[in-house]
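Here's coords_13.cif, which has mmCIF, C-alpha atoms and all ligand atoms:
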data_target
#
loop_
_atom_site.label_atom_id
_atom_site.label_comp_id
_atom_site.auth_asym_id
_atom_site.auth_seq_id
_atom_site.Cartn_x
_atom_site.Cartn_y
_atom_site.Cartn_z
CA MET V 1 78.41 178.68 13.00
CA ARG V 2 80.41 179.82 16.03
CA ALA V 3 84.10 180.57 15.53
CA ILE V 4 86.51 179.52 18.26
CA GLN V 5 90.21 180.28 18.13
CA VAL V 6 92.34 177.18 18.72
CA LYS V 7 94.50 179.36 20.96
CA GLN V 8 91.60 179.47 23.45
CA VAL V 9 91.72 175.68 23.70
CA GLN V 10 95.52 175.78 23.96
CA ASN V 11 95.41 178.27 26.84
CA ALA V 12 92.69 176.33 28.65
CA VAL V 13 94.68 173.08 28.41
CA CYS V 14 97.82 174.86 29.63
CA THR V 15 96.01 176.17 32.73
CA MET V 16 94.13 172.94 33.43
CA VAL V 17 97.16 170.63 33.40
CA GLN V 18 98.90 172.85 35.95
CA LYS V 19 95.90 173.24 38.21
CA ILE V 20 95.19 169.51 38.43
CA ASN V 21 98.77 168.83 39.39
CA TYR V 22 98.77 171.34 42.27
CA GLN V 23 95.25 170.91 43.59
CA TYR V 24 92.94 167.96 44.08
CA PRO V 25 89.71 168.17 42.07
CA SER V 26 86.98 169.31 44.49
CA ASP V 27 85.07 166.00 44.30
CA ILE V 28 88.16 163.92 45.11
CA TYR V 29 89.23 166.30 47.87
CA ALA V 30 85.80 165.90 49.47
CA CYS V 31 86.30 162.10 49.32
CA LEU V 32 89.69 162.46 50.99
CA GLN V 33 88.24 164.57 53.83
CA ALA V 34 85.30 162.21 54.29
CA ALA V 35 87.64 159.20 54.31
CA ALA V 36 89.83 160.81 57.00
CA ASP V 37 86.71 161.13 59.20
CA LYS V 38 85.40 157.66 58.44
CA GLU V 39 88.60 155.59 58.62
CA THR V 40 88.81 153.70 61.92
CA THR V 41 92.30 152.17 61.88
CA PRO V 42 95.12 154.31 63.36
CA ILE V 43 97.48 153.61 60.42
CA GLY V 44 94.76 154.39 57.88
CA LYS V 45 93.78 157.59 59.69
CA GLU V 46 97.39 158.75 59.92
CA THR V 47 98.00 158.00 56.24
CA LEU V 48 94.96 160.05 55.22
CA ARG V 49 96.07 162.88 57.50
CA ILE V 50 99.45 162.90 55.72
CA LEU V 51 97.71 162.96 52.31
CA LEU V 52 95.61 165.95 53.45
CA GLU V 53 98.71 167.74 54.70
CA ASN V 54 100.50 166.97 51.43
CA SER V 55 97.54 168.40 49.55
CA ARG V 56 97.59 171.60 51.61
CA LEU V 57 101.31 172.11 51.04
CA ALA V 58 101.03 171.43 47.29
CA ALA V 59 98.24 173.98 46.85
CA GLU V 60 99.95 176.63 49.03
CA LYS V 61 103.45 176.27 47.64
CA HIS V 62 102.36 175.57 44.08
CA ILE V 63 104.19 172.27 43.85
CA PRO V 64 102.88 168.99 42.40
CA ILE V 65 100.84 166.74 44.70
CA CYS V 66 102.91 163.79 43.41
CA GLN V 67 106.25 163.39 41.63
CA ASP V 68 104.43 161.43 38.91
CA THR V 69 102.68 164.23 37.05
CA GLY V 70 101.13 161.81 34.61
CA MET V 71 100.40 161.44 30.92
CA VAL V 72 97.65 163.76 29.69
CA ILE V 73 94.41 162.39 28.24
CA VAL V 74 92.02 164.84 26.60
CA PHE V 75 88.37 164.22 25.76
CA LEU V 76 87.31 167.02 23.43
CA ARG V 77 83.61 167.29 22.65
CA VAL V 78 83.12 169.64 19.74
CA GLY V 79 79.71 171.06 18.93
CA GLN V 80 78.87 170.51 15.26
CA ASP V 81 78.15 174.23 14.89
CA VAL V 82 81.71 175.18 15.88
CA HIS V 83 84.35 176.28 13.43
CA PHE V 84 87.96 176.33 14.66
CA GLU V 85 90.19 179.18 13.51
CA GLY V 86 93.88 179.89 13.88
CA GLY V 87 95.45 176.50 13.15
CA SER V 88 95.20 172.82 13.95
CA ILE V 89 93.11 171.92 16.98
CA ARG V 90 95.20 168.81 17.65
CA GLU V 91 98.44 170.80 17.58
CA ALA V 92 96.86 173.45 19.85
CA ILE V 93 96.07 170.78 22.45
CA GLN V 94 99.62 169.39 22.28
CA GLN V 95 101.03 172.93 22.59
CA GLY V 96 98.81 173.54 25.62
CA VAL V 97 100.24 170.44 27.28
CA ARG V 98 103.80 171.48 26.31
CA ASP V 99 103.29 175.00 27.73
CA GLY V 100 101.62 173.78 30.91
CA TYR V 101 104.31 171.24 31.78
CA GLU V 102 107.07 173.75 30.94
CA GLN V 103 105.58 176.72 32.80
CA GLY V 104 104.51 174.61 35.76
CA TYR V 105 107.88 172.83 36.18
CA LEU V 106 106.02 169.53 36.03
CA ARG V 107 107.93 166.30 35.51
CA LYS V 108 108.05 165.20 31.88
CA SER V 109 107.15 161.51 31.78
CA VAL V 110 106.39 160.65 28.15
CA VAL V 111 108.74 158.63 25.94
CA SER V 112 108.74 158.88 22.16
CA ASP V 113 108.58 155.20 21.29
CA PRO V 114 107.09 152.61 23.67
CA LEU V 115 109.39 149.67 22.88
CA PHE V 116 112.69 150.42 21.16
CA ASP V 117 113.81 154.02 21.76
CA ARG V 118 112.02 155.10 24.97
CA ILE V 119 113.53 158.58 24.70
CA ASN V 120 111.88 161.25 26.86
CA THR V 121 110.15 163.81 24.63
CA LYS V 122 111.04 166.40 27.31
CA ASP V 123 107.72 168.27 27.09
CA ASN V 124 105.25 165.57 28.17
CA THR V 125 103.73 165.34 24.69
CA PRO V 126 102.03 163.75 22.98
CA ALA V 127 98.83 163.68 24.98
CA VAL V 128 96.25 161.02 24.12
CA ILE V 129 93.34 162.84 22.43
CA TYR V 130 89.78 161.64 21.88
CA MET V 131 87.50 163.90 19.85
CA ASP V 132 83.74 163.57 19.61
CA ILE V 133 81.36 165.62 17.51
CA VAL V 134 78.24 166.51 19.51
CA ASP V 135 75.23 168.79 19.10
CA GLY V 136 75.51 172.52 19.76
CA ASP V 137 78.04 175.32 19.42
CA GLN V 138 80.24 174.74 22.45
CA VAL V 139 83.52 172.95 23.04
CA GLU V 140 83.92 170.87 26.16
CA ILE V 141 87.42 169.98 27.28
CA GLU V 142 87.67 167.20 29.82
CA LEU V 143 91.13 166.08 30.74
CA SER V 144 93.16 164.09 33.19
CA SER V 145 96.83 163.39 33.76
CA LYS V 146 97.20 159.75 34.54
CA GLY V 147 99.90 158.39 36.80
CA PHE V 148 101.16 155.00 35.74
CA GLY V 149 101.34 153.43 39.20
CA SER V 150 97.59 152.97 38.84
CA GLU V 151 97.41 152.82 35.03
CA ASN V 152 99.70 149.77 35.05
CA MET V 153 97.26 147.88 37.28
CA SER V 154 94.32 148.33 34.89
CA VAL V 155 92.89 145.32 33.05
CA LEU V 156 90.54 144.36 30.25
CA LYS V 157 88.59 141.11 30.01
CA MET V 158 86.39 139.69 27.27
CA LEU V 159 83.79 137.84 29.33
CA LYS V 160 81.20 135.46 27.98
CA PRO V 161 77.63 136.83 28.21
CA ALA V 162 76.70 133.93 30.56
CA GLN V 163 79.21 135.21 33.10
CA GLY V 164 76.89 138.20 33.55
CA LEU V 165 76.81 140.38 36.64
CA THR V 166 78.77 137.88 38.74
CA GLY V 167 81.55 137.74 36.15
CA VAL V 168 81.72 141.53 35.94
CA LYS V 169 81.96 141.89 39.71
CA GLU V 170 84.64 139.19 39.94
CA ALA V 171 86.70 140.87 37.20
CA VAL V 172 86.56 144.27 38.91
CA LEU V 173 87.34 142.96 42.39
CA GLU V 174 90.18 140.78 41.12
CA ALA V 175 91.74 143.84 39.44
CA VAL V 176 91.51 145.84 42.67
CA LYS V 177 92.95 142.95 44.73
CA ASN V 178 95.86 142.58 42.32
CA ALA V 179 96.47 146.34 42.33
CA GLY V 180 96.84 146.34 46.12
CA PRO V 181 99.19 149.14 47.21
CA ASN V 182 100.65 149.65 43.70
CA ALA V 183 97.78 151.88 42.59
CA CYS V 184 98.25 154.32 45.49
CA PRO V 185 94.87 153.83 47.22
CA PRO V 186 92.31 155.05 48.06
CA MET V 187 91.52 154.50 44.40
CA VAL V 188 88.86 155.66 42.00
CA ILE V 189 87.78 152.75 39.82
CA GLY V 190 86.55 153.37 36.29
CA VAL V 191 84.66 150.44 34.81
CA GLY V 192 83.70 150.20 31.14
CA ILE V 193 81.14 147.54 30.24
CA GLY V 194 80.14 146.70 26.66
CA GLY V 195 81.10 148.05 23.27
CA THR V 196 84.11 146.30 21.78
CA PHE V 197 87.58 145.33 23.05
CA ASP V 198 88.92 148.85 22.45
CA TYR V 199 85.81 150.81 23.32
CA ALA V 200 85.38 149.16 26.73
CA ALA V 201 88.79 150.58 27.68
CA VAL V 202 87.79 154.07 26.48
CA LEU V 203 84.60 153.80 28.55
CA ALA V 204 86.62 152.85 31.62
CA LYS V 205 88.91 155.84 31.08
CA LYS V 206 85.89 158.14 30.66
CA ALA V 207 84.53 156.71 33.90
CA THR V 208 87.64 157.77 35.82
CA VAL V 209 87.17 161.43 34.83
CA ARG V 210 83.45 161.55 35.64
CA PRO V 211 83.01 163.44 38.92
CA VAL V 212 82.32 160.98 41.74
CA ASN V 213 79.24 162.91 42.81
CA GLU V 214 77.55 162.15 39.47
CA PRO V 215 76.32 158.55 39.79
CA ASN V 216 75.38 156.51 36.72
CA PRO V 217 71.92 157.74 35.56
CA ASP V 218 70.66 154.14 35.20
CA PRO V 219 69.70 153.05 38.76
CA ARG V 220 70.84 149.47 38.08
CA TYR V 221 74.35 150.64 37.25
CA ALA V 222 74.30 153.16 40.11
CA GLN V 223 73.52 150.25 42.44
CA LEU V 224 76.35 148.22 40.90
CA GLU V 225 78.73 151.13 41.56
CA GLN V 226 77.70 151.17 45.21
CA GLU V 227 77.89 147.38 45.64
CA LEU V 228 81.35 147.23 44.06
CA LEU V 229 82.55 150.07 46.30
CA ASN V 230 81.32 148.27 49.43
CA GLU V 231 82.93 145.00 48.34
CA MET V 232 86.30 146.56 47.54
CA ASN V 233 86.39 148.45 50.83
CA ALA V 234 85.73 145.11 52.55
CA LEU V 235 89.09 143.94 51.13
CA HIS V 236 90.79 146.23 53.71
CA ILE V 237 93.69 147.12 51.44
CA GLY V 238 93.37 150.56 53.01
CA PRO V 239 94.98 153.96 52.37
CA GLN V 240 98.29 153.50 50.52
CA GLY V 241 97.89 149.73 50.95
CA LEU V 242 98.77 149.82 54.66
CA LYS V 243 95.48 148.12 55.63
CA GLY V 244 92.39 150.00 56.68
CA ASP V 245 88.75 150.65 55.84
CA ILE V 246 89.04 152.92 52.83
CA THR V 247 90.45 151.14 49.78
CA ALA V 248 88.48 153.08 47.18
CA PHE V 249 86.78 156.47 47.13
CA HIS V 250 84.36 155.59 44.41
CA VAL V 251 83.44 153.33 41.49
CA ASN V 252 82.17 154.88 38.27
CA VAL V 253 80.64 152.61 35.62
CA GLU V 254 80.04 153.56 31.98
CA GLN V 255 78.15 151.16 29.71
CA TYR V 256 77.45 150.79 25.98
CA PRO V 257 75.54 148.29 23.80
CA THR V 258 77.58 145.28 22.72
CA HIS V 259 77.49 142.17 20.47
CA ILE V 260 75.25 139.20 21.33
CA ALA V 261 78.34 137.00 21.78
CA GLY V 262 80.33 139.19 24.13
CA LEU V 263 80.61 141.06 27.42
CA PRO V 264 83.75 143.21 27.41
CA VAL V 265 84.78 144.63 30.80
CA ALA V 266 87.59 147.11 31.32
CA VAL V 267 88.83 148.29 34.70
CA ASN V 268 90.84 151.49 34.68
CA ILE V 269 92.31 152.10 38.09
CA SER V 270 93.06 155.62 39.26
CA CYS V 271 94.87 156.76 42.39
CA HIS V 272 93.93 158.97 45.33
CA ILE V 273 94.64 162.13 43.30
CA THR V 274 92.57 161.22 40.21
CA ARG V 275 93.48 164.49 38.51
CA HIS V 276 90.66 165.61 36.28
CA ALA V 277 89.08 168.85 35.12
CA ARG V 278 86.33 170.00 32.80
CA GLU V 279 85.91 173.31 31.03
CA VAL V 280 83.39 174.53 28.48
CA LEU V 281 84.22 177.20 25.86
S1 LIG V 301 99.52 156.50 40.75
FE1 LIG V 301 98.97 158.60 41.43
S2 LIG V 301 99.72 158.83 43.54
FE2 LIG V 301 100.67 156.98 42.65
S3 LIG V 301 102.65 157.69 41.90
FE3 LIG V 301 101.23 157.82 40.15
S4 LIG V 301 100.32 159.88 40.24
FE4 LIG V 301 101.35 159.52 42.19
#
Output the structure of this file as structure tokens.
Amino acid sequence: MRAIQVKQVQNAVCTMVQKINYQYPSDIYACLQAAADKETTPIGKETLRILLENSRLAAEKHIPICQDTGMVIVFLRVGQDVHFEGGSIREAIQQGVRDGYEQGYLRKSVVSDPLFDRINTKDNTPAVIYMDIVDGDQVEIELSSKGFGSENMSVLKMLKPAQGLTGVKEAVLEAVKNAGPNACPPMVIGVGIGGTFDYAAVLAKKATVRPVNEPNPDPRYAQLEQELLNEMNALHIGPQGLKGDITAFHVNVEQYPTHIAGLPVAVNISCHITRHAREVL
């Protein structure tokens, strides 16, 4: 049994939420640079140049890339041979978010009750936390801070199995078309296929935090990712929705077995920042 102090997780979360708000993840930054080279329209090229300049200033001056500093989502994978010491792991994660948003002067965007009160909690908590028990004696923290310009454009559909591949593609492309400029393109599209109504959405969220240079290990799904990317770029929504070649940086698909009677598909749309980070303790 390996002992890990919850304070280590707290400190890691505190550092990660600040870093992802000041600096693009390296995979997304590479997409941004490549897009600036590839884009052929003058308006698209200029928009990407401004995003690159914005990124440089944010990193240099230690200011957020965007005013919307997001709601934090944490995927914690805990090795079954780990024993946490020093308090509650859930509370440590929330404290890490609290500390990070406070120390980093990041905008607090979370409200206490979604419908009636809508009072700002003033520390950006609570984060949404998913915990999995896995093999081993390590703890993997994967997190993102999701802006709601793109989150609001995400959709979930319960397709019939007969709708198959065509139905899945139509659902994803329709979501991207409807998102248009509202999701702050170029987007990263997370697609969850299978599982249940709820689990498809979790898969789509997981897909948005998977680095874009790690294609789906199943070649059929990797091909689907590529085909969807080509088809959404053919929509010419373009950088920031001002028309152009690059509508999306990447499509990540995650799949899971499902029921004989169903084909759930969730599309979680993420923006040109797609703040995500991974750390292993
Ligand atoms: S969706 Fe992304 S780029 Fe758009 S406002 Fe939110 S955080 Fe900023």
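Interatomic distance, atom CA of Thr274 of chain V against atom CA of Ile129 of chain V: 17.9 Å.
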*Protein and nucleic acid residues within 10 Å of ligand LIG 301 (chain V) (all atoms listed in the file) as JSON, numbers by chain*: {"V": [21, 51, 64, 65, 66, 67, 68, 69, 70, 71, 145, 146, 147, 148, 149, 150, 151, 152, 153, 181, 182, 183, 184, 185, 186, 187, 240, 269, 270, 271, 272, 273, 274, 275]}
I'd like the contact shell of Ile133 of chain V - 12 Å cut-off, all atoms listed in the file, skipping same-chain residues fewer than 6 positions apart - returned as a compact mmCIF listing (two decimals) with C-alpha atoms, in the frame of the given file.
# COMPACT_ATOMS: atom_id res chain seq x y z
CA PHE V 75 88.37 164.22 25.76
CA LEU V 76 87.31 167.02 23.43
CA ARG V 77 83.61 167.29 22.65
CA VAL V 78 83.12 169.64 19.74
CA GLY V 79 79.71 171.06 18.93
CA GLN V 80 78.87 170.51 15.26
CA ASP V 81 78.15 174.23 14.89
CA VAL V 82 81.71 175.18 15.88
CA HIS V 83 84.35 176.28 13.43
CA VAL V 139 83.52 172.95 23.04
CA GLU V 140 83.92 170.87 26.16
_Rounded to one decimal, what separation in Å do you get between atom CA of Leu229 of chain V and atom CA of Thr40 of chain V?_
17.2 Å
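Put simply, atom CA of Val267 of chain V is 8.9 Å away from atom CA of Ile193 of chain V.
Near Leu52 of chain V, within a cut-off of 10 Å and counting all atoms listed in the file, sit the residues V:Tyr24, V:Tyr29, V:Leu32, V:Gln33, V:Ala36, V:Glu46, V:Thr47, V:Leu57, V:Ala58, with same-chain residues fewer than 5 positions away left out.
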Wanna dump the segment 103-210 of chain V-segment 254-266 of chain V contacts at 12 Å for me, each residue with its shortest atom pair and the distance in Å to one decimal, counting all atoms listed in the file, ordered by chain and number, as CSV?
residue,atom,partner,partner_atom,distance
V:Glu151,CA,V:Ala266,CA,11.9
V:Met153,CA,V:Ala266,CA,11.4
V:Ser154,CA,V:Ala266,CA,7.7
V:Val155,CA,V:Ala266,CA,5.9
V:Leu156,CA,V:Ala266,CA,4.2
V:Lys157,CA,V:Val265,CA,5.2
V:Met158,CA,V:Pro264,CA,4.4
V:Leu159,CA,V:Leu263,CA,4.9
V:Lys160,CA,V:Gly262,CA,5.4
V:Pro161,CA,V:Leu263,CA,5.2
V:Ala162,CA,V:Leu263,CA,8.7
V:Gln163,CA,V:Leu263,CA,8.3
V:Gly164,CA,V:Leu263,CA,7.7
V:Leu165,CA,V:Leu263,CA,10.0
V:Thr166,CA,V:Leu263,CA,11.9
V:Gly167,CA,V:Val265,CA,9.3
V:Val168,CA,V:Val265,CA,6.7
V:Lys169,CA,V:Val265,CA,9.7
V:Glu170,CA,V:Val265,CA,10.6
V:Ala171,CA,V:Val265,CA,7.7
V:Val172,CA,V:Ala266,CA,8.2
V:Leu173,CA,V:Ala266,CA,11.8
V:Glu174,CA,V:Ala266,CA,12.0
V:Ala175,CA,V:Ala266,CA,9.7
V:Ile189,CA,V:Ala266,CA,10.2
V:Gly190,CA,V:Glu254,CA,7.8
V:Val191,CA,V:Ala266,CA,5.6
V:Gly192,CA,V:Ala266,CA,5.0
V:Ile193,CA,V:Val265,CA,4.7
V:Gly194,CA,V:Thr258,CA,4.9
V:Gly195,CA,V:Thr258,CA,4.5
V:Thr196,CA,V:Pro264,CA,6.4
V:Phe197,CA,V:Pro264,CA,6.2
V:Asp198,CA,V:Pro264,CA,9.1
V:Tyr199,CA,V:Tyr256,CA,8.8
V:Ala200,CA,V:Ala266,CA,5.5
V:Ala201,CA,V:Ala266,CA,5.2
V:Val202,CA,V:Ala266,CA,8.5
V:Leu203,CA,V:Glu254,CA,5.7
V:Ala204,CA,V:Ala266,CA,5.8
V:Lys205,CA,V:Ala266,CA,8.8
V:Lys206,CA,V:Glu254,CA,7.5
V:Ala207,CA,V:Glu254,CA,5.8
V:Thr208,CA,V:Glu254,CA,9.5
V:Val209,CA,V:Glu254,CA,11.0
V:Arg210,CA,V:Glu254,CA,9.4
Please produce a file of those selected residues containing C-alpha atoms, as a PDB file, keeping the file's coordinate frame.
ATOM      1  CA  GLU V 151      97.410 152.820  35.030  1.00  0.00           C
ATOM      2  CA  MET V 153      97.260 147.880  37.280  1.00  0.00           C
ATOM      3  CA  SER V 154      94.320 148.330  34.890  1.00  0.00           C
ATOM      4  CA  VAL V 155      92.890 145.320  33.050  1.00  0.00           C
ATOM      5  CA  LEU V 156      90.540 144.360  30.250  1.00  0.00           C
ATOM      6  CA  LYS V 157      88.590 141.110  30.010  1.00  0.00           C
ATOM      7  CA  MET V 158      86.390 139.690  27.270  1.00  0.00           C
ATOM      8  CA  LEU V 159      83.790 137.840  29.330  1.00  0.00           C
ATOM      9  CA  LYS V 160      81.200 135.460  27.980  1.00  0.00           C
ATOM     10  CA  PRO V 161      77.630 136.830  28.210  1.00  0.00           C
ATOM     11  CA  ALA V 162      76.700 133.930  30.560  1.00  0.00           C
ATOM     12  CA  GLN V 163      79.210 135.210  33.100  1.00  0.00           C
ATOM     13  CA  GLY V 164      76.890 138.200  33.550  1.00  0.00           C
ATOM     14  CA  LEU V 165      76.810 140.380  36.640  1.00  0.00           C
ATOM     15  CA  THR V 166      78.770 137.880  38.740  1.00  0.00           C
ATOM     16  CA  GLY V 167      81.550 137.740  36.150  1.00  0.00           C
ATOM     17  CA  VAL V 168      81.720 141.530  35.940  1.00  0.00           C
ATOM     18  CA  LYS V 169      81.960 141.890  39.710  1.00  0.00           C
ATOM     19  CA  GLU V 170      84.640 139.190  39.940  1.00  0.00           C
ATOM     20  CA  ALA V 171      86.700 140.870  37.200  1.00  0.00           C
ATOM     21  CA  VAL V 172      86.560 144.270  38.910  1.00  0.00           C
ATOM     22  CA  LEU V 173      87.340 142.960  42.390  1.00  0.00           C
ATOM     23  CA  GLU V 174      90.180 140.780  41.120  1.00  0.00           C
ATOM     24  CA  ALA V 175      91.740 143.840  39.440  1.00  0.00           C
ATOM     25  CA  ILE V 189      87.780 152.750  39.820  1.00  0.00           C
ATOM     26  CA  GLY V 190      86.550 153.370  36.290  1.00  0.00           C
ATOM     27  CA  VAL V 191      84.660 150.440  34.810  1.00  0.00           C
ATOM     28  CA  GLY V 192      83.700 150.200  31.140  1.00  0.00           C
ATOM     29  CA  ILE V 193      81.140 147.540  30.240  1.00  0.00           C
ATOM     30  CA  GLY V 194      80.140 146.700  26.660  1.00  0.00           C
ATOM     31  CA  GLY V 195      81.100 148.050  23.270  1.00  0.00           C
ATOM     32  CA  THR V 196      84.110 146.300  21.780  1.00  0.00           C
ATOM     33  CA  PHE V 197      87.580 145.330  23.050  1.00  0.00           C
ATOM     34  CA  ASP V 198      88.920 148.850  22.450  1.00  0.00           C
ATOM     35  CA  TYR V 199      85.810 150.810  23.320  1.00  0.00           C
ATOM     36  CA  ALA V 200      85.380 149.160  26.730  1.00  0.00           C
ATOM     37  CA  ALA V 201      88.790 150.580  27.680  1.00  0.00           C
ATOM     38  CA  VAL V 202      87.790 154.070  26.480  1.00  0.00           C
ATOM     39  CA  LEU V 203      84.600 153.800  28.550  1.00  0.00           C
ATOM     40  CA  ALA V 204      86.620 152.850  31.620  1.00  0.00           C
ATOM     41  CA  LYS V 205      88.910 155.840  31.080  1.00  0.00           C
ATOM     42  CA  LYS V 206      85.890 158.140  30.660  1.00  0.00           C
ATOM     43  CA  ALA V 207      84.530 156.710  33.900  1.00  0.00           C
ATOM     44  CA  THR V 208      87.640 157.770  35.820  1.00  0.00           C
ATOM     45  CA  VAL V 209      87.170 161.430  34.830  1.00  0.00           C
ATOM     46  CA  ARG V 210      83.450 161.550  35.640  1.00  0.00           C
TER      47      ARG V 210
END
*Taking (94.7, 171.8, 21.4) in the file's coordinates, which residues come within 8 Å, counting only C-alpha atoms, written as a list in words?*
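In the file's frame, the residues around the point are Val6, Lys7, Val9, Gln10, Val13, Ser88, Ile89, Arg90, Glu91, Ala92, Ile93, Gln94, Gln95 and Gly96 of chain V.
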*Determine, counting all atoms listed in the file, which protein, DNA and RNA residues have an atom within 8 Å of an atom of Lys108 of chain V; residues of the same chain fewer than 3 positions away are not included. Present the result as an MDAnalysis selection string.*
chainID V and resid 69 101 120:124
_Counting all atoms listed in the file, the option among V:Ala34, V:Ile28, V:Ile246, V:Val110 closest to Glu231 of chain V_ = V:Ile246
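When only C-alpha atoms are used to measure the gap to His250 of chain V, the shortest distance among V:Thr15, V:Ala30, V:Gly136, V:Gly86 belongs to V:Ala30.
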*asked:* When you count only C-alpha atoms, which of these residues is closest to Glu85 of chain V: V:Ile20, V:Arg2, V:Asn230, V:Val212?
replied: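 Looking at the shortest contact to Glu85 of chain V, the residue is V:Arg2.
Considering all atoms listed in the file, the residue among V:Glu214, V:Asp137, V:Glu279, V:Asp245 positioned nearest to Ile4 of chain V is V:Asp137.
Here the question is which of V:Gln103, V:Gln138, V:Ser144, V:Thr125 gets nearest to Leu281 of chain V using all atoms listed in the file, and that residue is V:Gln138.
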